[in-house]
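Colleague: This is the structure I want to talk about, given as structure tokens.
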Amino acid sequence: MGVDPAIAEEAAILTAIGIGTAFVVLLLLLIVILLIGVFNRRISGEVAPSPHLESDPQPDEDDADARDRALAAALAVTALRASQPQTSLTTGEDG
Amino acid sequence: MTELLDFLRSTGFYNIGWDNGVMIAVGLGFIYLAISKEWEPYELLPIGLGVIVANLPLTGLLTEPIAGAGYQDSGLFGIIFHYGLAFWNFLPPIIFLGLGAMTDFSPIISNPKTLLLGAAAQVGIFLAFWGALVSGQFSLAEASAIGIIGGADGPTTIFLSARLAPDLLGVTAVIAYSYMAAVAFIQPPLMKLLTTKKEREIEMPPIREVSRLEKLLFPSIAMVLIILIVPRSAPLVSMFMIGNLFRESGAVPRLTSASSNELLNIATIFLMLTVGTQLSAETVFKVETLLILALGLVAFACGTIGGLLFAKFMNLFLKEKINPLIGSAGVSAVPMAARISHHMGQEANSRSFLLPHAMGPNVAGVIGSAVVAGMFISLVTS
């Protein structure tokens, strides 16, 4: 039992660097994710068109048509899902 | 008559020792656990078979190729061990490619503060590392290989052991996988001990939907950043992120499928059989093995405690509290540790759904232990 002082010193440095590196790397990844989130919001904000900006020549008729199509699609999907067995959430292999 | 006696002396029956018999029984035990109890079957079944084969005498299967000597004398598992692990060490990174192709980073991206729990759980690695050094039985390189068991990540343990302490490879790998299989017994008592019922009942809101752009940018930037900080972690980190980019790109479904199915399965077969063959009687029947077994348990327990306590510490500053049970998932052991956090949470509060939240620290633990392994390889010479 017992550790050579030189090895103990090296081990202490390794411990400090190891834990420090793990925290710094994961902290930097946290910052990266936050920045990606900001970037993503800007991109999607610029790309997504505002529905009220453009005028529509026949709004009422088209809206009603679109609603009917959406309703038909929703009913079709619901019927399809009801006729299929329920799938379960799968998880990965261990690592 | 002399020929007959010579033949009898050349059989395995004549040369088998009691210690080989014990190891074959151990191999059968692994096979039993894998088949009957479904404990890590993809790992423990081939490992158990490898143990049995390795302990049959005079097979020559484990003879490694040595430059200058007769290459034709090399054994099958000696060749796989030499090129797959000790010399080129390419099998663990291939496993990481497959794991990356199966990983979804959405939980981390939607709740990035859980990344820190993955870092806190790495404390187990260093406590076991110090325990190994204080025992006086192991060198700095060997202590690093023992400590990494606390990362609860099989391929990382194998990758580091093969590089720094090849003699301990079989023992560290088997202990890591055994404790990962036993995580359902190790973690819950500690989780109950270190959290109050009120804390375990905390409900966390559902994770937000993550855009495709975020899922593509995160692994790309993370790969470059981590490798620039710890270049020696590149074999594991790069393959993990490349596998994930295959998946998230949506452009290469065949590569994603090959990485997460065929390639992963082939690498698992070779890796686990070879790990099993490293558990021969002469490497296992040592005091050091028992010590590594105890230190591995300490590493797992301390990693769990580190994650739990750090989650409680974070709650001191957070407006929207996190359930500290997800902290224990920071030890990796994907996805078992996350499932245990979820089950413990549901036990305390049936409306609580912690699985997606626990996957965050779980995946962060994989990244954290790969980073620590890279740091050990950079700074410790075997």
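Letters A, B, ... go to the chains of the structure tokens in the order shown; residues in each chain start at 1; ligands are counted from 1 in the same order.
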Near Glu288 of chain B, within 10 Å and counting only C-alpha atoms, which residues show up once chain neighbours fewer than 2 positions away are dropped, as a ChimeraX atom specification?
Modeller: /B:132,135,137-138,168,171,283-286,290-294
Colleague: Taking only C-alpha atoms into account, find every residue of chain B that has an atom no more than 6 Å from chain A, and write it out as a PyMOL selection string.
Modeller: chain B and resi 102+112+115+119+134-136+153-154+333-335+368+372
Colleague: From the list B:Ala152, B:Ala281, B:Ile266, B:Ala258, which residue is nearest Ala337 of chain B when using only C-alpha atoms?
Modeller: B:Ala152
Colleague: Which residues, written as a list in words, have at least one atom at most 10 Å from Trp39 of chain B, with only C-alpha atoms counted and residues fewer than 4 positions away on the same chain left out?
Modeller: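 With the cut-off at 10 Å, the set is Phe30, Ile31, Tyr32, Leu33, Ala34, Ile35, Glu43, Leu44, Leu45, Tyr177, Ser178, Met180, Ala181 and Ala182 of chain B.
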Colleague: What would the file look like if the residues just selected were written as an mmCIF file, in the first residue's frame with N, CA and C atoms?
Modeller:
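To be explicit, this is the file written out as out03.cif:
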```
data_model
loop_
_atom_site.group_PDB
_atom_site.id
_atom_site.type_symbol
_atom_site.label_atom_id
_atom_site.label_comp_id
_atom_site.auth_asym_id
_atom_site.auth_seq_id
_atom_site.Cartn_x
_atom_site.Cartn_y
_atom_site.Cartn_z
ATOM 1 N N PHE B 30 -21.371 -17.243 -17.524
ATOM 2 C CA PHE B 30 -21.691 -16.089 -18.381
ATOM 3 C C PHE B 30 -22.765 -16.468 -19.397
ATOM 4 N N ILE B 31 -22.610 -17.661 -19.971
ATOM 5 C CA ILE B 31 -23.574 -18.109 -20.995
ATOM 6 C C ILE B 31 -24.964 -18.261 -20.359
ATOM 7 N N TYR B 32 -24.998 -18.809 -19.143
ATOM 8 C CA TYR B 32 -26.271 -18.961 -18.425
ATOM 9 C C TYR B 32 -26.923 -17.596 -18.192
ATOM 10 N N LEU B 33 -26.109 -16.628 -17.701
ATOM 11 C CA LEU B 33 -26.656 -15.292 -17.427
ATOM 12 C C LEU B 33 -27.180 -14.637 -18.706
ATOM 13 N N ALA B 34 -26.438 -14.850 -19.800
ATOM 14 C CA ALA B 34 -26.836 -14.228 -21.075
ATOM 15 C C ALA B 34 -28.139 -14.832 -21.605
ATOM 16 N N ILE B 35 -28.268 -16.160 -21.509
ATOM 17 C CA ILE B 35 -29.438 -16.817 -22.110
ATOM 18 C C ILE B 35 -30.644 -16.786 -21.170
ATOM 19 N N GLU B 43 -23.063 -9.314 -25.285
ATOM 20 C CA GLU B 43 -21.684 -9.260 -24.829
ATOM 21 C C GLU B 43 -21.308 -10.541 -24.065
ATOM 22 N N LEU B 44 -22.149 -10.895 -23.080
ATOM 23 C CA LEU B 44 -21.758 -11.999 -22.196
ATOM 24 C C LEU B 44 -21.783 -13.367 -22.893
ATOM 25 N N LEU B 45 -22.631 -13.555 -23.891
ATOM 26 C CA LEU B 45 -22.650 -14.859 -24.577
ATOM 27 C C LEU B 45 -21.341 -15.091 -25.350
ATOM 28 N N TYR B 177 -18.499 -4.817 -18.406
ATOM 29 C CA TYR B 177 -19.774 -5.310 -18.938
ATOM 30 C C TYR B 177 -20.617 -5.977 -17.845
ATOM 31 N N SER B 178 -19.949 -6.641 -16.905
ATOM 32 C CA SER B 178 -20.704 -7.307 -15.832
ATOM 33 C C SER B 178 -21.412 -6.270 -14.960
ATOM 34 N N MET B 180 -22.163 -3.255 -15.885
ATOM 35 C CA MET B 180 -23.208 -2.602 -16.694
ATOM 36 C C MET B 180 -24.476 -3.440 -16.671
ATOM 37 N N ALA B 181 -24.286 -4.760 -16.711
ATOM 38 C CA ALA B 181 -25.444 -5.655 -16.653
ATOM 39 C C ALA B 181 -26.114 -5.592 -15.286
ATOM 40 N N ALA B 182 -25.299 -5.323 -14.260
ATOM 41 C CA ALA B 182 -25.821 -5.324 -12.887
ATOM 42 C C ALA B 182 -26.211 -3.934 -12.414
#
```
Colleague: DSSP on the backbone, then: every residue of segment 121-200 of chain B marked helix (DSSP H, G or I), written as a count of residues only.
Modeller: 67
Colleague: Between atom CA of Leu133 of chain B and atom CA of Ser233 of chain B, what distance in Å does the model show, to one decimal?
Modeller: 23.5 Å
Colleague: What's around Ile79 of chain B at 6 Å? Count only C-alpha atoms, leave out sequence neighbours fewer than 3 positions away in its own chain, and write the answer as number ranges by chain.
Modeller: B: 64, 76, 82
Colleague: I'd like the neighbourhood of Leu279 of chain B as a PyMOL selection string, where a residue qualifies if any of its atoms comes within 9 Å (using only C-alpha atoms), though same-chain residues fewer than 5 positions away should be ignored.
Modeller: chain B and resi 23+47+50-51+54-55+169-171+174+284
Colleague: Output the selection as a CSV table (one decimal), in the first residue's frame - N, CA and C atoms for each residue.
Modeller:
```csv
chain,number,residue,atom,x,y,z
B,23,MET,N,-12.3,-21.9,-14.9
B,23,MET,CA,-12.6,-20.8,-15.9
B,23,MET,C,-13.7,-21.3,-16.9
B,47,ILE,N,-18.5,-13.6,-24.9
B,47,ILE,CA,-17.4,-13.6,-23.9
B,47,ILE,C,-17.3,-14.9,-23.3
B,50,GLY,N,-15.9,-17.4,-25.6
B,50,GLY,CA,-14.4,-17.1,-25.7
B,50,GLY,C,-13.7,-17.7,-24.5
B,51,VAL,N,-14.2,-17.5,-23.3
B,51,VAL,CA,-13.6,-18.0,-22.1
B,51,VAL,C,-13.4,-19.5,-22.2
B,54,ALA,N,-10.7,-20.3,-24.8
B,54,ALA,CA,-9.4,-19.9,-24.3
B,54,ALA,C,-8.8,-20.9,-23.3
B,55,ASN,N,-9.6,-21.5,-22.5
B,55,ASN,CA,-9.2,-22.4,-21.4
B,55,ASN,C,-9.0,-23.9,-21.8
B,169,LEU,N,-6.7,-6.3,-20.2
B,169,LEU,CA,-7.8,-6.1,-21.1
B,169,LEU,C,-9.0,-7.0,-20.8
B,170,GLY,N,-8.8,-8.3,-20.8
B,170,GLY,CA,-9.9,-9.2,-20.6
B,170,GLY,C,-10.6,-8.9,-19.3
B,171,VAL,N,-9.8,-8.7,-18.2
B,171,VAL,CA,-10.4,-8.5,-16.9
B,171,VAL,C,-11.2,-7.2,-16.8
B,174,VAL,N,-14.5,-7.4,-19.0
B,174,VAL,CA,-15.5,-8.3,-18.5
B,174,VAL,C,-16.1,-7.6,-17.3
B,284,VAL,N,-6.5,-14.7,-14.7
B,284,VAL,CA,-7.6,-14.4,-13.8
B,284,VAL,C,-7.3,-14.7,-12.4
```
Colleague: Report as a list in words all protein, DNA and RNA residues lying within 7 Å of segment 227-231 of chain B, evaluated on only C-alpha atoms, omitting residues in the same chain fewer than 3 positions from it.
Modeller: Met223, Val224, Ala234, Val371, Gly374 and Met375 of chain B
Colleague: At what distance in Å, to one decimal, does atom CA of Glu203 of chain B lie from atom CA of Glu347 of chain B?
Modeller: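 Atom CA of Glu347 of chain B sits 12.3 Å away from atom CA of Glu203 of chain B.
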Colleague: If you measure from atom CA of Ser161 of chain B to atom CA of Gly303 of chain B, what distance in Å do you get, rounded to one decimal?
Modeller: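 Taking atom CA of Ser161 of chain B as the start and atom CA of Gly303 of chain B as the end point, the length is 19.2 Å.
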